[in-house]
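**Q** Encoded as structure tokens, here's the structure I'll be asking about.
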Amino acid sequence: MRRKIFAIVLVSIMLSGCLGQNDNDIEFNGIEYREPPDAPDFTLLDQNGQEFTLSDLEGKVVVVAFVYTSCPDICLAISANMAWAKANLGDASDDVVFVSVTIDPARDTVQHLSQWTESRGYNWTHLTAERPSVLLDVYSSWNVIVDDEHIAASVPPEGAINRVVFLNSSNDTIVVDYLNSNLQVSDTVTDLDNKARNSAEVNFSTEGWTLMNWNHTSWTWQQSDEGYLDQFATQDDHLAWVASGANTSLLPVGVDCNGKGWVMGEGSSAHCMCDEGYERPNGDYLSCVLEGSADGEETNPHEESLGDYEIGHSTVTFVLDKQLRKRLAWTGTAWELDLFVEDLQNLANE
């Protein structure tokens, strides 16, 4: 049965008396709040793994959109609109900041957002968090409703493993599989590395070794970028230390089946062959759980397009004034871009 996850973003701003014409001489093109409320503050992680706090932007006009990268249409259109507006602000460009907040923290990790924004040339802030609960608080405070099924899909499966591999110059391999649930929200990849080693009592210097991390898209180990160890650790982080002269082709795959099976295939066709007494849970082909604990009809997510998500056409993009109040709302994607830019310029000149 084909499975759809709906991420419907609705914002309860259309209450009677909440929106109306402004009291000054500016006639805005977007829908204006009659009594602009303060935008709820938040601290999240940007695509560079750095903390970003909204209140630090006081004195700037801020555009805030709730989107996700695997959305097939609405979110992509909003992002394209933001890119055009950012490039056409003229003299107001220094006074306007663009911010995108993901509603899909499972896929939109720091690493993925970094790669995605670079590939598309989007040089504004894209935000996520290591734990969905952090983003849930943001959605709640902003009156953004994301359905429970979508968020549930963003929670690491019970028993999820982060893999750390050591391959020495003699091509001997040590594999440490560390429970993701034992990681703290603030843990970096360095913390993951240290905790995995300590749990398995693997202690030796990696000086002169090469650090690699698992690329889920290409299904290969890749040499890690500088600063990778300093990034916040997520469920998708698997790393390998390779000694000089070692044969990297001998590295095992960078994912594990909760320690209860082995991976067959690769990339989008990868799936777990579970040990006796275990089975793949509904909707997750890279985990193994006790037989009988996985309810519902099984579907293969690798046969589903990541674009098979829908987001409501009533999605709101917020515009905050320099006091960080919700000042304007632009709904959907059919913006008159010149008029949107005009609103941003007017707010920048207030």
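Ligands are numbered from 1 in the order shown, residues from 1 within each chain, and chains are lettered A, B, ... in the order they appear in the structure tokens.
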Can you tell me which residues surround region 223-238 of chain A at a distance of at most 7 Å, considering only C-alpha atoms, apart from same-chain residues fewer than 2 positions away, and format the answer as number ranges by chain?
**A** A: 49, 130, 156, 162-164, 180, 186-190, 192, 211-214, 221, 254
**Q** From region 107-350 of chain A, collect each residue whose DSSP state is helix (DSSP H, G or I) and return the set as JSON, numbers by chain.
**A** {"A": [110, 111, 112, 113, 114, 115, 116, 117, 118, 119, 120, 132, 133, 134, 135, 136, 137, 138, 139, 140, 141, 148, 149, 150, 151, 152, 180, 181, 182, 189, 190, 191, 192, 193, 194, 195, 196, 197, 198, 199, 200, 228, 229, 230, 248, 249, 250, 267, 268, 269, 301, 302, 303, 337, 338, 339, 340, 341, 342, 343, 344, 345, 346, 347, 348]}
**Q** I'd like to know which of A:Tyr278, A:Pro252, A:Ile74, A:Leu339 is closest to Thr173 (chain A), using only C-alpha atoms.
**A**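 Ranked by minimum distance to Thr173 (chain A), first place goes to A:Pro252.
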**Q** Nearest residue to Arg327 (chain A) out of A:Leu45, A:Asn346, A:Asp193, A:Ala83, using only C-alpha atoms?
**A** A:Asn346
**Q** So that I can check the surroundings of Leu251 (chain A), please list as a list in words every protein, DNA and RNA residue that reaches within 8 Å of it, counting only C-alpha atoms and ignoring chain neighbours fewer than 4 positions away.
**A**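 Selected residues are Val165, Leu167, Thr173 and Asn247 of chain A.
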**Q** Those selected residues, please, written with N, CA and C atoms and delivered as a PDB file, in the first residue's frame.
**A**
ATOM      1  N   VAL A 165      34.268   2.783  13.394  1.00  0.00           N
ATOM      2  CA  VAL A 165      35.129   1.709  12.883  1.00  0.00           C
ATOM      3  C   VAL A 165      36.590   2.145  12.948  1.00  0.00           C
ATOM      4  N   LEU A 167      40.284   0.850  11.342  1.00  0.00           N
ATOM      5  CA  LEU A 167      40.969  -0.045  10.402  1.00  0.00           C
ATOM      6  C   LEU A 167      42.460   0.260  10.468  1.00  0.00           C
ATOM      7  N   THR A 173      40.184  -4.905  11.668  1.00  0.00           N
ATOM      8  CA  THR A 173      39.073  -3.985  11.880  1.00  0.00           C
ATOM      9  C   THR A 173      38.451  -4.174  13.255  1.00  0.00           C
ATOM     10  N   ASN A 247      43.725  -0.743   3.593  1.00  0.00           N
ATOM     11  CA  ASN A 247      42.866  -0.907   2.421  1.00  0.00           C
ATOM     12  C   ASN A 247      41.438  -0.514   2.798  1.00  0.00           C
TER      13      ASN A 247
END
**Q** Just asking: which residues within region 88-304 of chain A are strand (DSSP E) according to DSSP, as a PyMOL selection string?
**A** chain A and resi 96-102+125-127+161-167+173-179+210-215+220-223+239-242+261-264+271-274+278-279+289-290
**Q** From the options A:Val319, A:Ala65, A:Ala160, A:Ile31, which residue's atoms come nearest to Val289 (chain A), counting only C-alpha atoms?
**A** A:Ala160
**Q** In terms of the shortest atom-to-atom distance over only C-alpha atoms, which of A:Gln115, A:Leu183, A:Ser169, A:Glu342 is closest to Thr248 (chain A)?
**A**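 Comparing A:Gln115, A:Leu183, A:Ser169, A:Glu342 against Thr248 (chain A), the winner is A:Ser169.
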**Q** Which is closer to Val202 (chain A) than all the others in A:Ser181, A:Gly30, A:Thr315, A:Val175, using only C-alpha atoms?
**A**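 Once distances to Val202 (chain A) are computed over only C-alpha atoms, the minimum belongs to A:Val175.
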**Q** With only C-alpha atoms as the counted atoms, please give the residues lying no more than 12 Å from Tyr122 (chain A), apart from itself and same-chain residues fewer than 6 positions off, as a count of residues only.
**A** 19
**Q** Write out as number ranges by chain each polymer residue whose atoms come within 10 Å of Ala334 (chain A), counting only C-alpha atoms; drop sequence neighbours fewer than 2 positions from it.
**A** A: 74, 77-78, 81, 313, 330-332, 336-337
**Q** How would the residues just picked look written out with N, CA and C atoms as a short mmCIF file (atom, residue, chain, number, x, y, z; two decimals), in the first residue's frame?
**A**
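Listed below is the output, part_17.cif:
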data_model
loop_
_atom_site.label_atom_id
_atom_site.label_comp_id
_atom_site.auth_asym_id
_atom_site.auth_seq_id
_atom_site.Cartn_x
_atom_site.Cartn_y
_atom_site.Cartn_z
N ILE A 74 5.61 22.88 -2.75
CA ILE A 74 5.34 24.11 -2.01
C ILE A 74 6.62 24.69 -1.38
N ALA A 77 9.08 26.00 -3.84
CA ALA A 77 8.64 27.28 -4.40
C ALA A 77 8.91 28.42 -3.42
N ILE A 78 8.65 28.17 -2.13
CA ILE A 78 8.91 29.19 -1.12
C ILE A 78 10.40 29.52 -1.08
N ASN A 81 11.27 31.58 -4.02
CA ASN A 81 10.80 32.95 -3.81
C ASN A 81 11.75 33.73 -2.91
N HIS A 313 -1.32 24.27 1.19
CA HIS A 313 -1.18 25.48 0.40
C HIS A 313 -1.47 26.73 1.23
N TRP A 330 2.54 36.18 4.57
CA TRP A 330 2.35 35.87 3.15
C TRP A 330 2.00 34.39 3.05
N THR A 331 0.84 34.08 2.51
CA THR A 331 0.38 32.70 2.48
C THR A 331 0.64 32.04 1.13
N GLY A 332 0.76 30.71 1.16
CA GLY A 332 0.97 29.96 -0.07
C GLY A 332 2.28 30.29 -0.74
N GLU A 336 3.36 37.87 -5.40
CA GLU A 336 3.85 38.87 -6.34
C GLU A 336 5.21 39.29 -5.79
N LEU A 337 6.27 38.77 -6.37
CA LEU A 337 7.59 38.92 -5.76
C LEU A 337 8.03 40.37 -5.64
#
**Q** What does the distance between CA of Ala348 (chain A) and CA of Phe318 (chain A) come to in Å, to one decimal place?
**A** 14.9 Å
**Q** Which is closest to Pro105 (chain A) among A:Phe28, A:Phe204, A:Phe66, A:Tyr178, if we use only C-alpha atoms?
**A**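 Ranking A:Phe28, A:Phe204, A:Phe66, A:Tyr178 by distance to Pro105 (chain A), first place goes to A:Phe66.
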**Q** Tell me, as a list in words, which residues lie within 9 Å of Glu291 (chain A), counting only C-alpha atoms; anything in the same chain fewer than 4 positions away does not count.
**A**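 Non-adjacent residues within range: Glu276, Gly277, Tyr278, Glu279, Arg280 and Pro281 of chain A.
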**Q** Please identify all polymer residues within 10 Å of Asp91 (chain A), counting only C-alpha atoms, omitting same-chain residues fewer than 4 positions from it, and present them as a PDB file with C-alpha atoms, in the first residue's frame.
**A**
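part_4.pdb was written with the following content:
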ATOM      1  CA  ASP A  95      18.736  45.079   6.865  1.00  0.00           C
ATOM      2  CA  GLN A 345      12.111  47.405   1.832  1.00  0.00           C
ATOM      3  CA  ALA A 348      13.725  48.058   6.505  1.00  0.00           C
ATOM      4  CA  ASN A 349      13.203  51.818   6.120  1.00  0.00           C
TER       5      ASN A 349
END
**Q** Between CA of Asp172 (chain A) and CA of Gln111 (chain A), measure the distance and give it in Å to one decimal.
**A**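 Here the two named atoms are 29.3 Å from each other.
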